[in-house]
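Structure data follow from protein-v1.txt (compact mmCIF, C-alpha atoms and all ligand atoms):
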# COMPACT_ATOMS: atom_id res chain seq x y z
CA MET A 1 0.00 0.00 0.00
CA ALA A 2 1.36 3.38 -0.95
CA THR A 3 1.81 5.81 1.93
CA ILE A 4 1.98 9.59 2.05
CA ASN A 5 4.35 12.11 3.52
CA ASP A 6 2.48 12.49 6.81
CA ASN A 7 4.17 15.81 7.45
CA TYR A 8 1.69 17.36 5.01
CA LEU A 9 -1.08 16.52 7.46
CA LYS A 10 0.53 18.83 10.01
CA LEU A 11 0.07 21.86 7.74
CA LYS A 12 -2.47 24.36 8.99
CA ALA A 13 -5.41 24.97 6.62
CA GLY A 14 -4.53 26.09 3.11
CA TYR A 15 -1.54 28.13 2.05
CA LEU A 16 -2.35 31.77 2.89
CA PHE A 17 -2.92 33.17 -0.59
CA PRO A 18 -5.14 30.36 -1.90
CA GLU A 19 -7.17 30.71 1.31
CA ILE A 20 -7.64 34.42 0.59
CA ALA A 21 -8.62 33.60 -2.99
CA ARG A 22 -11.15 31.06 -1.69
CA ARG A 23 -12.80 33.67 0.57
CA VAL A 24 -12.85 36.23 -2.23
CA ASN A 25 -14.41 33.68 -4.61
CA THR A 26 -17.13 32.84 -2.08
CA PHE A 27 -17.86 36.54 -1.70
CA THR A 28 -17.98 37.22 -5.45
CA GLN A 29 -20.30 34.27 -6.02
CA SER A 30 -22.92 35.99 -3.86
CA ASN A 31 -21.91 39.49 -5.01
CA PRO A 32 -21.02 39.07 -8.69
CA ASN A 33 -21.04 42.81 -9.41
CA ALA A 34 -18.87 43.88 -6.47
CA PRO A 35 -16.01 46.05 -7.82
CA ILE A 36 -13.25 44.15 -6.01
CA ILE A 37 -9.79 45.73 -5.74
CA LYS A 38 -7.02 43.30 -4.83
CA LEU A 39 -4.20 44.62 -2.67
CA GLY A 40 -3.55 41.21 -1.14
CA ILE A 41 -0.95 39.00 -2.77
CA GLY A 42 2.13 40.93 -3.86
CA ASP A 43 1.50 40.35 -7.54
CA VAL A 44 2.56 43.00 -10.03
CA THR A 45 0.04 44.62 -12.36
CA GLU A 46 2.05 46.87 -14.69
CA PRO A 47 3.33 45.68 -18.08
CA LEU A 48 6.74 44.05 -18.49
CA PRO A 49 9.48 46.60 -19.22
CA GLU A 50 9.85 47.28 -22.93
CA ALA A 51 13.56 46.31 -22.86
CA CYS A 52 12.64 42.85 -21.50
CA ARG A 53 9.86 42.32 -24.02
CA THR A 54 12.09 43.31 -26.93
CA ALA A 55 14.84 40.97 -25.72
CA MET A 56 12.39 38.10 -25.35
CA MET A 57 10.93 38.67 -28.82
CA LYS A 58 14.43 38.62 -30.26
CA ALA A 59 15.07 35.40 -28.32
CA VAL A 60 11.94 33.86 -29.84
CA GLU A 61 13.39 34.70 -33.27
CA ASP A 62 16.66 33.03 -32.22
CA MET A 63 14.67 29.88 -31.50
CA GLY A 64 13.30 29.97 -35.05
CA ASP A 65 16.69 29.69 -36.71
CA ARG A 66 18.83 26.55 -36.54
CA SER A 67 22.03 28.58 -36.18
CA THR A 68 20.80 30.37 -33.03
CA PHE A 69 18.36 27.75 -31.72
CA LYS A 70 18.88 26.64 -28.11
CA GLY A 71 18.01 23.28 -26.60
CA TYR A 72 18.81 22.48 -22.98
CA GLY A 73 20.78 25.32 -21.43
CA PRO A 74 23.10 25.07 -18.43
CA GLU A 75 21.06 24.01 -15.37
CA GLN A 76 22.71 26.87 -13.46
CA GLY A 77 21.80 29.53 -16.03
CA TYR A 78 23.61 31.12 -18.96
CA ASN A 79 26.91 32.81 -18.22
CA TRP A 80 26.00 35.99 -20.09
CA LEU A 81 23.20 36.56 -17.54
CA LYS A 82 25.18 35.50 -14.48
CA GLU A 83 28.10 37.75 -15.42
CA LYS A 84 25.82 40.79 -15.58
CA ILE A 85 24.18 39.92 -12.26
CA ALA A 86 27.54 39.40 -10.56
CA ALA A 87 28.91 42.69 -11.91
CA GLN A 88 25.89 44.94 -11.44
CA ASP A 89 23.97 43.51 -8.47
CA PHE A 90 26.94 42.44 -6.40
CA GLN A 91 30.43 43.58 -7.43
CA ALA A 92 29.19 47.17 -8.01
CA ARG A 93 28.21 47.19 -4.32
CA GLY A 94 31.54 45.78 -3.21
CA CYS A 95 30.23 42.22 -2.81
CA ASP A 96 32.64 39.44 -3.66
CA VAL A 97 30.27 37.24 -5.73
CA ASP A 98 31.54 35.29 -8.73
CA PRO A 99 29.18 34.42 -11.63
CA SER A 100 29.80 30.73 -10.95
CA GLU A 101 28.25 31.18 -7.49
CA ILE A 102 24.96 32.35 -9.02
CA PHE A 103 22.23 29.83 -9.88
CA ILE A 104 19.41 31.07 -12.11
CA SER A 105 16.03 29.57 -11.29
CA ASP A 106 12.33 29.90 -12.01
CA GLY A 107 11.52 31.52 -8.68
CA SER A 108 12.63 32.47 -5.22
CA LYS A 109 9.70 30.69 -3.64
CA CYS A 110 10.89 27.43 -5.23
CA ASP A 111 14.51 28.01 -4.23
CA ASN A 112 13.53 28.90 -0.67
CA GLY A 113 11.78 25.56 -0.38
CA ASN A 114 14.21 23.48 -2.45
CA ILE A 115 17.28 24.61 -0.52
CA LEU A 116 16.20 22.33 2.32
CA ASP A 117 17.11 19.34 0.11
CA ILE A 118 20.79 19.88 0.87
CA PHE A 119 20.44 20.29 4.65
CA GLY A 120 20.10 17.65 7.34
CA LYS A 121 16.98 16.72 9.26
CA ASN A 122 18.15 17.78 12.70
CA ASN A 123 18.93 21.45 12.25
CA LYS A 124 17.42 23.91 14.69
CA ILE A 125 15.54 26.37 12.51
CA ALA A 126 14.70 30.00 13.28
CA VAL A 127 12.12 32.12 11.49
CA THR A 128 10.84 35.58 12.21
CA ASP A 129 7.26 36.09 13.33
CA PRO A 130 5.48 37.35 11.22
CA VAL A 131 7.15 35.55 8.31
CA TYR A 132 6.73 34.72 4.61
CA PRO A 133 4.76 31.45 5.09
CA VAL A 134 6.84 29.50 2.56
CA TYR A 135 9.78 29.25 4.98
CA VAL A 136 7.63 27.63 7.64
CA ASP A 137 5.45 25.40 5.46
CA THR A 138 8.40 23.93 3.53
CA ASN A 139 10.03 22.98 6.82
CA VAL A 140 6.81 21.36 7.97
CA MET A 141 6.63 19.41 4.69
CA ALA A 142 10.24 18.31 5.09
CA GLY A 143 9.50 16.95 8.57
CA HIS A 144 11.62 19.53 10.37
CA THR A 145 8.91 20.48 12.85
CA GLY A 146 6.53 18.92 15.31
CA GLU A 147 2.80 19.49 15.31
CA GLY A 148 1.13 22.84 14.70
CA LYS A 149 -0.19 24.50 17.85
CA ASP A 150 -3.38 26.51 18.38
CA ASP A 151 -1.53 29.81 18.14
CA GLY A 152 -0.38 28.86 14.61
CA LYS A 153 3.20 28.06 15.65
CA TYR A 154 4.88 24.71 15.04
CA GLU A 155 6.71 22.75 17.69
CA GLY A 156 10.44 22.68 17.16
CA LEU A 157 10.80 25.99 15.32
CA VAL A 158 12.36 29.03 16.99
CA TYR A 159 10.22 32.13 16.38
CA ILE A 160 11.86 35.55 16.49
CA PRO A 161 9.25 38.30 16.86
CA ILE A 162 9.56 41.36 14.64
CA THR A 163 6.94 43.72 15.93
CA ALA A 164 6.34 47.38 16.71
CA ASP A 165 7.62 46.59 20.24
CA ASN A 166 11.14 45.91 18.95
CA ASN A 167 10.94 48.37 16.06
CA PHE A 168 10.64 45.46 13.62
CA THR A 169 14.16 44.17 14.15
CA ALA A 170 14.94 40.46 14.38
CA THR A 171 16.53 40.10 17.80
CA ILE A 172 19.54 37.76 17.83
CA PRO A 173 18.50 34.58 19.68
CA THR A 174 20.10 33.69 22.97
CA GLN A 175 19.96 30.00 22.06
CA LYS A 176 21.93 28.28 19.28
CA VAL A 177 20.13 27.82 15.96
CA ASP A 178 21.53 26.27 12.78
CA LEU A 179 19.43 27.70 9.95
CA ILE A 180 18.01 31.24 10.04
CA TYR A 181 15.57 32.78 7.57
CA LEU A 182 15.86 36.54 7.21
CA CYS A 183 13.90 38.59 4.67
CA PHE A 184 14.82 42.27 4.25
CA PRO A 185 13.20 44.49 3.07
CA ASN A 186 10.73 42.47 5.03
CA ASN A 187 7.71 40.67 3.76
CA PRO A 188 5.19 41.32 5.33
CA THR A 189 6.10 44.28 7.57
CA GLY A 190 8.08 46.37 5.05
CA ALA A 191 10.85 46.86 7.66
CA VAL A 192 14.52 47.01 6.67
CA ALA A 193 17.74 45.83 8.33
CA THR A 194 20.66 48.18 8.87
CA LYS A 195 24.27 47.18 8.19
CA GLU A 196 24.87 46.94 11.95
CA HIS A 197 21.89 44.65 12.40
CA LEU A 198 22.98 42.31 9.60
CA GLN A 199 26.55 42.39 10.90
CA ALA A 200 25.26 41.18 14.27
CA TRP A 201 23.50 38.29 12.48
CA VAL A 202 26.60 37.41 10.48
CA ASP A 203 28.70 37.47 13.65
CA TYR A 204 26.17 35.23 15.40
CA ALA A 205 26.05 32.81 12.45
CA LYS A 206 29.83 32.57 12.25
CA ALA A 207 30.17 32.04 15.98
CA ASN A 208 27.56 29.26 15.96
CA GLY A 209 28.28 27.58 12.64
CA SER A 210 24.82 28.63 11.42
CA ILE A 211 23.67 29.38 7.88
CA ILE A 212 21.52 32.44 7.10
CA PHE A 213 19.00 32.18 4.27
CA PHE A 214 18.78 35.81 3.20
CA ASP A 215 15.75 36.59 1.07
CA ALA A 216 16.42 39.85 -0.80
CA ALA A 217 13.45 39.63 -3.18
CA TYR A 218 12.50 43.24 -2.39
CA GLU A 219 15.97 44.84 -2.42
CA ALA A 220 15.12 47.05 -5.44
CA PHE A 221 12.62 48.91 -3.26
CA ILE A 222 15.28 50.22 -0.86
CA THR A 223 15.24 54.02 -0.96
CA ASP A 224 17.53 54.68 2.02
CA PRO A 225 21.14 54.64 0.74
CA SER A 226 22.49 53.43 4.09
CA ILE A 227 20.52 50.16 3.93
CA PRO A 228 22.38 47.14 2.46
CA HIS A 229 20.83 45.49 -0.61
CA SER A 230 22.78 42.26 -0.21
CA ILE A 231 23.95 40.29 2.81
CA TYR A 232 27.32 40.07 1.05
CA GLU A 233 27.81 43.78 1.77
CA ILE A 234 28.48 42.54 5.31
CA PRO A 235 32.01 41.29 6.03
CA GLY A 236 32.00 37.57 6.80
CA ALA A 237 28.68 36.82 5.03
CA ARG A 238 30.36 34.66 2.38
CA ASP A 239 31.09 32.17 5.15
CA CYS A 240 27.56 31.94 6.51
CA ALA A 241 24.89 33.11 4.05
CA ILE A 242 22.92 32.04 1.00
CA GLU A 243 21.05 34.85 -0.76
CA PHE A 244 17.82 34.60 -2.76
CA ARG A 245 16.81 37.19 -5.32
CA SER A 246 14.03 37.54 -7.82
CA PHE A 247 13.07 39.38 -10.99
CA SER A 248 9.41 39.14 -9.95
CA LYS A 249 9.02 42.36 -8.07
CA ASN A 250 11.60 44.69 -9.66
CA ALA A 251 10.95 43.73 -13.30
CA GLY A 252 7.42 42.39 -13.03
CA PHE A 253 8.36 38.76 -13.74
CA THR A 254 5.79 37.12 -11.42
CA GLY A 255 4.22 35.45 -14.44
CA THR A 256 7.39 35.25 -16.51
CA ARG A 257 9.44 33.46 -13.80
CA CYS A 258 13.10 34.13 -13.18
CA ALA A 259 15.10 34.36 -9.97
CA LEU A 260 18.54 33.57 -8.64
CA THR A 261 20.25 32.08 -5.65
CA VAL A 262 23.81 32.81 -4.59
CA VAL A 263 25.74 30.02 -2.87
CA PRO A 264 29.29 31.17 -2.16
CA LYS A 265 31.97 28.55 -2.72
CA THR A 266 33.39 29.41 0.70
CA LEU A 267 30.24 28.20 2.46
CA THR A 268 30.35 24.85 4.25
CA ALA A 269 28.25 22.79 6.64
CA LYS A 270 28.95 19.57 8.52
CA ALA A 271 28.47 16.04 7.22
CA ALA A 272 27.42 13.28 9.64
CA ASP A 273 31.08 12.27 9.99
CA GLY A 274 31.97 15.80 11.15
CA SER A 275 33.73 16.83 7.93
CA ASP A 276 33.07 20.19 6.26
CA VAL A 277 31.23 19.96 2.95
CA GLU A 278 30.92 22.77 0.39
CA LEU A 279 27.27 23.71 0.03
CA TRP A 280 27.91 25.01 -3.50
CA LYS A 281 28.75 21.47 -4.62
CA LEU A 282 25.58 20.05 -3.09
CA TRP A 283 23.33 22.75 -4.53
CA ASN A 284 24.98 22.35 -7.94
CA ARG A 285 24.37 18.60 -7.74
CA ARG A 286 20.79 19.14 -6.65
CA GLN A 287 20.01 21.61 -9.43
CA SER A 288 21.74 19.51 -12.11
CA THR A 289 19.65 16.52 -11.07
CA LYS A 290 16.23 18.04 -10.42
CA PHE A 291 16.17 21.13 -12.65
CA ASN A 292 16.77 21.79 -16.33
CA GLY A 293 17.22 25.53 -16.12
CA VAL A 294 15.11 28.54 -17.00
CA SER A 295 14.11 28.99 -20.63
CA TYR A 296 16.53 30.79 -22.93
CA ILE A 297 13.81 33.31 -23.84
CA VAL A 298 13.15 34.26 -20.21
CA GLN A 299 16.85 34.53 -19.39
CA ARG A 300 17.29 36.92 -22.33
CA GLY A 301 14.43 38.96 -20.86
CA ALA A 302 16.16 38.99 -17.47
CA GLU A 303 19.44 40.00 -19.09
CA ALA A 304 17.73 43.10 -20.52
CA VAL A 305 17.13 44.28 -16.94
CA TYR A 306 20.85 45.15 -16.90
CA SER A 307 20.84 47.19 -20.14
CA GLU A 308 20.77 50.99 -19.88
CA ALA A 309 17.16 51.09 -21.12
CA GLY A 310 16.20 48.19 -18.84
CA LYS A 311 17.69 49.85 -15.78
CA ALA A 312 15.77 53.07 -16.43
CA GLN A 313 12.51 51.19 -17.01
CA ILE A 314 12.92 49.11 -13.87
CA LYS A 315 13.66 52.18 -11.82
CA ALA A 316 10.44 53.74 -13.10
CA LEU A 317 8.47 50.57 -12.32
CA VAL A 318 9.78 50.33 -8.77
CA SER A 319 9.15 54.07 -8.21
CA PHE A 320 5.60 53.63 -9.44
CA TYR A 321 4.84 50.92 -6.86
CA LEU A 322 6.65 52.85 -4.14
CA GLU A 323 4.47 55.88 -4.91
CA ASN A 324 1.44 53.62 -4.47
CA ALA A 325 2.82 52.52 -1.10
CA LYS A 326 3.31 56.18 -0.14
CA ILE A 327 -0.30 56.98 -1.05
CA ILE A 328 -1.49 54.04 1.06
CA ARG A 329 0.62 55.15 4.01
CA GLU A 330 -0.45 58.78 3.80
CA LYS A 331 -4.16 58.16 3.33
CA LEU A 332 -4.38 55.59 6.10
CA THR A 333 -2.32 57.72 8.46
CA ALA A 334 -4.58 60.71 7.76
CA ALA A 335 -7.57 58.48 8.59
CA GLY A 336 -6.02 57.81 12.00
CA LEU A 337 -4.67 54.32 11.35
CA GLN A 338 -1.24 53.24 12.58
CA VAL A 339 0.93 52.21 9.63
CA TYR A 340 4.46 50.86 9.20
CA GLY A 341 6.67 50.00 6.22
CA GLY A 342 5.97 51.14 2.67
CA VAL A 343 9.08 53.36 2.44
CA ASN A 344 11.76 50.85 1.44
CA ALA A 345 9.29 48.14 0.51
CA PRO A 346 6.08 47.76 -1.49
CA TYR A 347 4.14 46.57 1.57
CA VAL A 348 2.36 48.68 4.16
CA TRP A 349 1.76 47.01 7.52
CA VAL A 350 -1.33 48.39 9.21
CA LYS A 351 -2.55 48.01 12.80
CA THR A 352 -6.15 46.89 12.51
CA PRO A 353 -8.59 49.52 13.84
CA ASN A 354 -10.82 49.11 16.86
CA GLY A 355 -9.01 45.99 18.08
CA LEU A 356 -10.34 43.88 15.19
CA SER A 357 -8.60 40.57 14.56
CA SER A 358 -6.71 40.31 11.28
CA TRP A 359 -9.29 38.01 9.65
CA ASP A 360 -12.22 40.08 10.97
CA PHE A 361 -10.68 43.16 9.40
CA PHE A 362 -10.11 41.18 6.18
CA ASP A 363 -13.79 40.18 6.06
CA LYS A 364 -15.00 43.70 6.92
CA LEU A 365 -12.82 45.28 4.27
CA LEU A 366 -13.98 42.77 1.69
CA GLN A 367 -17.65 43.14 2.55
CA THR A 368 -17.87 46.88 3.14
CA CYS A 369 -15.16 48.26 0.81
CA ASN A 370 -14.70 45.38 -1.65
CA VAL A 371 -10.98 45.67 -1.01
CA VAL A 372 -8.75 42.62 -0.49
CA GLY A 373 -5.66 42.76 1.72
CA THR A 374 -3.72 40.12 3.61
CA PRO A 375 -4.48 39.34 7.27
CA GLY A 376 -1.36 39.72 9.38
CA SER A 377 -2.11 36.56 11.35
CA GLY A 378 -1.64 34.61 8.11
CA PHE A 379 2.06 35.44 8.44
CA GLY A 380 2.33 34.17 12.00
CA ALA A 381 1.02 34.62 15.52
CA ALA A 382 2.79 37.97 16.01
CA GLY A 383 0.98 39.28 12.92
CA GLU A 384 -2.38 39.07 14.70
CA GLY A 385 -3.96 42.50 14.90
CA TYR A 386 -2.17 43.65 11.75
CA PHE A 387 -3.02 43.73 8.08
CA ARG A 388 -0.79 43.95 5.00
CA ILE A 389 -1.72 46.21 2.10
CA SER A 390 0.29 45.84 -1.07
CA GLY A 391 1.33 48.70 -3.32
CA PHE A 392 1.24 46.41 -6.36
CA ASN A 393 -1.71 47.70 -8.36
CA SER A 394 -2.67 50.49 -10.74
CA ARG A 395 -2.69 54.05 -9.38
CA GLU A 396 -6.41 54.28 -10.06
CA ASN A 397 -7.15 51.16 -8.01
CA VAL A 398 -4.91 52.21 -5.13
CA GLU A 399 -6.56 55.63 -4.95
CA GLU A 400 -10.04 54.17 -5.17
CA ALA A 401 -9.26 51.55 -2.50
CA MET A 402 -7.91 54.22 -0.15
CA LYS A 403 -10.99 56.36 -0.71
CA ARG A 404 -13.25 53.44 0.20
CA ILE A 405 -11.22 52.38 3.23
CA THR A 406 -10.79 55.86 4.70
CA GLU A 407 -14.51 56.61 4.33
CA LYS A 408 -15.42 53.47 6.30
CA PHE A 409 -12.59 53.25 8.80
CA LYS A 410 -11.83 56.80 9.91
CA VAL A 411 -10.70 56.41 13.56
C1 LIG B 501 3.38 37.91 -1.16
O1 LIG B 501 2.32 38.47 -1.43
O2 LIG B 501 3.77 37.75 -0.01
C2 LIG B 501 4.19 37.45 -2.30
O3 LIG B 501 3.59 37.71 -3.51
C3 LIG B 501 4.43 36.03 -2.21
C4 LIG B 501 5.41 35.58 -3.21
O4 LIG B 501 6.17 36.37 -3.79
O5 LIG B 501 5.44 34.37 -3.39

Final structure tokens representation of the file:
Amino acid sequence: MATINDNYLKLKAGYLFPEIARRVNTFTQSNPNAPIIKLGIGDVTEPLPEACRTAMMKAVEDMGDRSTFKGYGPEQGYNWLKEKIAAQDFQARGCDVDPSEIFISDGSKCDNGNILDIFGKNNKIAVTDPVYPVYVDTNVMAGHTGEGKDDGKYEGLVYIPITADNNFTATIPTQKVDLIYLCFPNNPTGAVATKEHLQAWVDYAKANGSIIFFDAAYEAFITDPSIPHSIYEIPGARDCAIEFRSFSKNAGFTGTRCALTVVPKTLTAKAADGSDVELWKLWNRRQSTKFNGVSYIVQRGAEAVYSEAGKAQIKALVSFYLENAKIIREKLTAAGLQVYGGVNAPYVWVKTPNGLSSWDFFDKLLQTCNVVGTPGSGFGAAGEGYFRISGFNSRENVEEAMKRITEKFKV
């Protein structure tokens, strides 16, 4: 008799965003004409940059000619893309990252989950609370946790609160942990980490033999020049950190799919016999076995992000979403709501009014304003009483949503 991976049975309800979609669908079935505005999932709405589209169309032409046709590409990504990423995203900021340490993939969400393939079963794992749910759920699936508890936490994980009480910083744990997930600019709170804060994490990781998984999917939204874009701007990070990046949010590739993971060749972890093993070799082996690379056409589109035209278009795109976030912050603040984030990140983190729970506020907003956001409790127990509003939408929709919310929820 075939058996299942019982760890899946430990997972709480549905994954957050499908659960939101389910509630919205139920609502629209009874209210088919409701003019719903979605500021929930961080999905982009504006067209792909022209430079990327042109590059992809040219790549399609390449595929139509035997002399330029491409079959399987390198599982790790084409060098012409990795060289540009290494030079412009990393070396230009003083980060010692070689193109061979970059692995192109079809998404950061996938890489964040897949990376667990190369780590042992008995690592002590730390996540922030609130947190991007993928980090937690993939560990549950991999059997790295105990049962889920009533407060939404899982036994065996170490939760590090990032809340208004600690100014949204991830306090260094007093206990020893082996794997640490950090996401800055932060999803969902929109908070950022200073150089000093990341240095403290790198120092902790080096002292404890821990590995940091640094999710920098939102680095393009950093407006404060003192805030690091990469963990490799921090001395020592090459010995303790893996970084995840994405073209989803800066270049609007959520539907096009392209991302990258950096695994420095200097990074090691222990084998069962106590020897040090290079993580780069394991990740390379994993990717070569389970992945056949991102399509040539998409990688050409990603390459165009680094052209002069591409850089200007991406800057404009990011500024557009940041302006949306600013409008959200300003309108909600003027209505008397307490808001955080939205300055170096596309997400605004809002304290729910009148002591409403996150899901109650979600339902109220949906029913009375026809606006969809994301309940903070969906990101973890410490997100209860908060609500995330995304700046990813058209200006018209953001302004209309703010008008509706501020009319109903003036406090
Ligand atoms: C979010 O809304 O948190 C993001 O869109 C999730 C993701 O990028 O997978």

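Of the listed residues A:Ser248, A:Asn284, A:Ser230, A:Thr261, the one whose atoms come nearest to A:Ile118 is A:Asn284, with distances taken using all atoms listed in the file.
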
I'd like to know which of A:Thr352, A:Thr254, A:Gln29, A:Asn393 is closest to A:Tyr321, using all atoms listed in the file.
A:Asn393

Which centre and which edge lengths, in Å to one decimal, describe the axis-aligned box that holds all listed atoms of stretch 78-89 of chain A after 8 Å is added on each side, as JSON?
{"center_x": 26.1, "center_y": 38.0, "center_z": -14.3, "size_x": 21.7, "size_y": 29.8, "size_z": 27.6}

Could I get the residue neighbourhood of ligand LIG 501 (chain B) at 6 Å, counting only C-alpha atoms and all ligand atoms, as a ChimeraX atom specification?
/A:41-43,109

I'd like the contact shell of A:Lys351 - 7 Å cut-off, all atoms listed in the file, skipping same-chain residues fewer than 5 positions apart - returned as a list of chain:residue names.
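Once the nearby chain positions are removed, what remains is A:Leu337, A:Gln338, A:Val339, A:Gly385, A:Tyr386, A:Phe387.
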
So which residues touch A:Arg285 within 12 Å, counting only C-alpha atoms, skipping near sequence neighbours fewer than 4 positions away, as an MDAnalysis selection string?
chainID A and resid 75:76 103 115 117:118 278:281 289:292

Write a file of the selected residues as a PDB file, in the coordinates of the input, keeping C-alpha atoms.
ATOM      1  CA  GLU A  75      21.060  24.010 -15.370  1.00  0.00           C
ATOM      2  CA  GLN A  76      22.710  26.870 -13.460  1.00  0.00           C
ATOM      3  CA  PHE A 103      22.230  29.830  -9.880  1.00  0.00           C
ATOM      4  CA  ILE A 115      17.280  24.610  -0.520  1.00  0.00           C
ATOM      5  CA  ASP A 117      17.110  19.340   0.110  1.00  0.00           C
ATOM      6  CA  ILE A 118      20.790  19.880   0.870  1.00  0.00           C
ATOM      7  CA  GLU A 278      30.920  22.770   0.390  1.00  0.00           C
ATOM      8  CA  LEU A 279      27.270  23.710   0.030  1.00  0.00           C
ATOM      9  CA  TRP A 280      27.910  25.010  -3.500  1.00  0.00           C
ATOM     10  CA  LYS A 281      28.750  21.470  -4.620  1.00  0.00           C
ATOM     11  CA  THR A 289      19.650  16.520 -11.070  1.00  0.00           C
ATOM     12  CA  LYS A 290      16.230  18.040 -10.420  1.00  0.00           C
ATOM     13  CA  PHE A 291      16.170  21.130 -12.650  1.00  0.00           C
ATOM     14  CA  ASN A 292      16.770  21.790 -16.330  1.00  0.00           C
TER      15      ASN A 292
END

Is it possible to get the residues within 6 Å of (27.1, 23.8, 6.7) (coordinates as in the file, counting only C-alpha atoms) written as a list in words?
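Counting only C-alpha atoms, I find these residues within 6 Å of (27.1, 23.8, 6.7): Thr268, Ala269 and Lys270 of chain A.
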
d(atom CA of A:Ile36, atom CA of A:Val371) in Å:
5.7 Å

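Of the residues under consideration (A:Asn5, A:Ser357, A:Thr163, A:Gln88), A:Asn5 shows the shortest atom-to-atom contact distance to A:Gly143 when counting only C-alpha atoms.
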
May I ask which of the residues A:Asn7, A:Ser105, A:Asn354, A:Ser226 is the closest one to A:Gly148, counting all atoms listed in the file?
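Answer, going by the shortest atom-to-atom distance: A:Asn7.
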
Around the point (13.9, 24.3, -15.4), in the coordinates given by the file, pick out the residues reaching within 12 Å, counting all atoms listed in the file, and return them as JSON, numbers by chain.
{"A": [71, 72, 73, 74, 75, 76, 77, 103, 104, 105, 106, 107, 110, 111, 257, 258, 259, 287, 288, 289, 290, 291, 292, 293, 294, 295, 296, 298, 299]}

Pick from A:Leu356, A:Ile327, A:Leu11, A:Ile234, whichever lies nearest to A:Lys149 using all atoms listed in the file:
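Of the candidates, the smallest distance to A:Lys149 is held by A:Leu11.
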
Need to verify the contact set: A:Ala381, 10 Å, all atoms listed in the file, exclusion of same-chain residues closer than 4 positions in sequence. Can you return it as a ChimeraX atom specification?
/A:129-131,150-153,159,161,376-377,385

Using atom CA of A:Asp62 and atom CA of A:Glu303 as the two end points, give the distance in Å to one decimal.
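Computing the Euclidean distance for atom CA of A:Asp62 and atom CA of A:Glu303 yields 15.1 Å.
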
Looking at only C-alpha atoms, which of A:Phe168, A:Phe184, A:Phe119, A:Phe213 is the one that sits closest to A:Tyr340?
A:Phe168

Spatial neighbours of A:Arg245, 9 Å, all atoms listed in the file, chain gap at least 5 places, as a compact mmCIF listing (two decimals) with C-alpha atoms, keeping the file's coordinate frame:
# COMPACT_ATOMS: atom_id res chain seq x y z
CA GLY A 107 11.52 31.52 -8.68
CA SER A 108 12.63 32.47 -5.22
CA PHE A 214 18.78 35.81 3.20
CA ASP A 215 15.75 36.59 1.07
CA ALA A 216 16.42 39.85 -0.80
CA ALA A 217 13.45 39.63 -3.18
CA TYR A 218 12.50 43.24 -2.39
CA GLU A 219 15.97 44.84 -2.42
CA ALA A 259 15.10 34.36 -9.97
CA LEU A 260 18.54 33.57 -8.64
CA THR A 261 20.25 32.08 -5.65
CA VAL A 262 23.81 32.81 -4.59

To one decimal place, how far is atom CA of A:Pro47 from atom CA of A:Val318 in Å?
12.2 Å

Long-range neighbours of A:Ile314 as a short mmCIF file (atom, residue, chain, number, x, y, z; two decimals) with C-alpha atoms, in the coordinates of the input, 12 Å cut-off, all atoms listed in the file, 6 positions minimum in chain:
data_model
loop_
_atom_site.label_atom_id
_atom_site.label_comp_id
_atom_site.auth_asym_id
_atom_site.auth_seq_id
_atom_site.Cartn_x
_atom_site.Cartn_y
_atom_site.Cartn_z
CA GLU A 46 2.05 46.87 -14.69
CA PRO A 47 3.33 45.68 -18.08
CA LEU A 48 6.74 44.05 -18.49
CA PRO A 49 9.48 46.60 -19.22
CA GLU A 50 9.85 47.28 -22.93
CA ALA A 51 13.56 46.31 -22.86
CA CYS A 52 12.64 42.85 -21.50
CA ALA A 220 15.12 47.05 -5.44
CA PHE A 221 12.62 48.91 -3.26
CA PHE A 247 13.07 39.38 -10.99
CA SER A 248 9.41 39.14 -9.95
CA LYS A 249 9.02 42.36 -8.07
CA ASN A 250 11.60 44.69 -9.66
CA ALA A 251 10.95 43.73 -13.30
CA GLY A 252 7.42 42.39 -13.03
CA PHE A 253 8.36 38.76 -13.74
CA ALA A 302 16.16 38.99 -17.47
CA ALA A 304 17.73 43.10 -20.52
CA VAL A 305 17.13 44.28 -16.94
CA TYR A 306 20.85 45.15 -16.90
CA SER A 307 20.84 47.19 -20.14
CA GLU A 308 20.77 50.99 -19.88
CA PHE A 320 5.60 53.63 -9.44
CA TYR A 321 4.84 50.92 -6.86
#

Please identify every residue of stretch 224-252 of chain A that has at least one atom no farther than 12 Å from an atom of stretch 169-182 of chain A, counting all atoms listed in the file, and for each give the shortest atom pair and the distance in Å to one decimal, arranged by chain then increasing number, as a tab-separated table.
residue	atom	partner	partner_atom	distance
A:Ser230	CA	A:Leu182	CA	11.6
A:Ile231	CA	A:Leu182	CA	9.9
A:Cys240	CA	A:Leu179	CA	9.8
A:Ala241	CA	A:Ile180	CA	9.3
A:Ile242	CA	A:Tyr181	CA	9.9
A:Glu243	CA	A:Leu182	CA	9.7
A:Phe244	CA	A:Leu182	CA	10.3
